[in-house]
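Asks: I'd like to ask you about the structure that follows.
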Amino acid sequence: MTLAENVNSRAQASTQSYPAAFATLDANPTPKPRVAGKKRKWGATLKATQQTRRLGEGKPSKPISRPTKPQISTVRKFIPTSVARRRPFRLNIGICGMKEQDESVPGPSRCQPVEPVRRDPRVPRPTTEVVQPPRPEDVNWEEVLQESKNVAFPGRRVKVQPAGRTLVNLDTIVYTDHDEVTTATVSLLGFPVVVEASPVSYTWDFGDGTKVTTTSPGKPYPAKDVTHKYVKKADVSVVLTTNYAARFNVAGTGWQYVDGTVPITGPGTPLQVREAVPVLVDPPN
């Protein structure tokens, strides 16, 4: 027996057992469901449609729709290990408590609110000054003279003839041996500075109040280039002041000449001035 014949037999048996009160309903029996199917090797696939009517209505009722269960996908989303490791690890250990009535937060110093620093508009803000590197033009003559005075501008000593002792009204010869140009190199502000000193004149102080300026450094005997006569007996000190013309060159930028001269006084030379007394003696035999 097929499935359709089985369904029809069950429908006829149910109509025969109805009581008389439902005889009016039997006049319009429920339409038989239409069943269609496909044969399979392992069974059958059936599809059935059925329309039902409510009591006392001639129109068929709407089919009852049942909610369908959502299908849960069991496929897991693949997350690369490198991306999973980049997730920040957050740990809330509750070191900062709730705010107190005075708006303070109990806990370490980092829990306290940071107030912005307010500056007094009357106080000027510190400005960063740009430090300029030294230049050759910054080297001045005073600094050059201070550094090179002892090497480029020597103080010259006076030589006297006769040496150590002289007589009143006698031509006393004075001179100096050092009359050459002196050159020295010093360092200022990181630059090499070449200094050149040339003696141009000499001022002789004979110790008795007399001073003489010459352009010659003098010469020893028998030349009498620079001489002096003492008029009275005394112990004196002869001092020479050499007047130098100077120029300097900073890092090869060119020579700069100094206005005027640079006077350098040397050490004194002691001298005894004595009077000669004539004495009559017998001529030799």
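Scheme for the structure tokens: letters A, B, ... for chains in order shown; per-chain residue numbers from 1; ligand numbers from 1 in order shown.
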Which neighbours of stretch 196-202 of chain A fall inside 8 Å, counting only C-alpha atoms, when residues of the same chain fewer than 2 positions from it are skipped, and could you give them as a list of chain:residue names?
Replies: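 What passes the distance filter is A:Ala152, A:Phe153, A:Asp179, A:Glu180, A:Val181, A:Thr182, A:Thr183, A:Ala184, A:Val194, A:Trp204, A:Thr213, A:Thr214, A:Thr215, A:Ser216, A:Pro217, A:Leu240, A:Thr241, A:Thr242, A:Asn243, A:Tyr244, A:Ala245, A:Ala246, A:Arg247, A:Phe248.
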Asks: Based on the backbone DSSP call, show me all residues of stretch 150-266 of chain A assigned strand (DSSP E), as an NGL selection string.
Replies: :A and (159-161 or 165-167 or 172-175 or 182-188 or 191-205 or 211-214 or 227-228 or 234-250 or 255-257 or 262-265)
Asks: Skip A:Phe191 itself and residues of its chain fewer than 3 positions away, then list as a PyMOL selection string all residues within 9 Å of it, counting only C-alpha atoms.
Replies: chain A and resi 135-136+139+186-188+250-251
Asks: Go ahead and save the residues from that selection, with C-alpha atoms, as an mmCIF file, in the first residue's frame.
Replies:
data_model
loop_
_atom_site.group_PDB
_atom_site.id
_atom_site.type_symbol
_atom_site.label_atom_id
_atom_site.label_comp_id
_atom_site.auth_asym_id
_atom_site.auth_seq_id
_atom_site.Cartn_x
_atom_site.Cartn_y
_atom_site.Cartn_z
ATOM 1 C CA ARG A 135 85.944 85.459 14.315
ATOM 2 C CA PRO A 136 89.353 86.888 13.398
ATOM 3 C CA VAL A 139 90.925 89.687 18.176
ATOM 4 C CA VAL A 186 100.775 83.468 19.891
ATOM 5 C CA SER A 187 97.260 81.936 19.998
ATOM 6 C CA LEU A 188 94.121 83.959 20.732
ATOM 7 C CA VAL A 250 95.409 86.976 12.647
ATOM 8 C CA ALA A 251 95.108 83.587 10.894
#
Asks: Of the residues A:Pro263, A:Pro220, A:Gly252, A:Pro283, which is the one nearest to A:Ala163, using only C-alpha atoms?
Replies: A:Pro220
Asks: Counting only C-alpha atoms, figure out which residue out of A:Trp255, A:Trp141, A:Asp171, A:Pro154 gets nearest to A:His228.
Replies: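 For A:His228, the nearest of the given residues is A:Asp171.
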Asks: Fewer than 4 positions away in the same chain doesn't count, so skip those; otherwise give me all residues within 7 Å of A:Phe206, counting only C-alpha atoms, as a VMD selection string.
Replies: chain A and resid 210 to 211 237 to 239
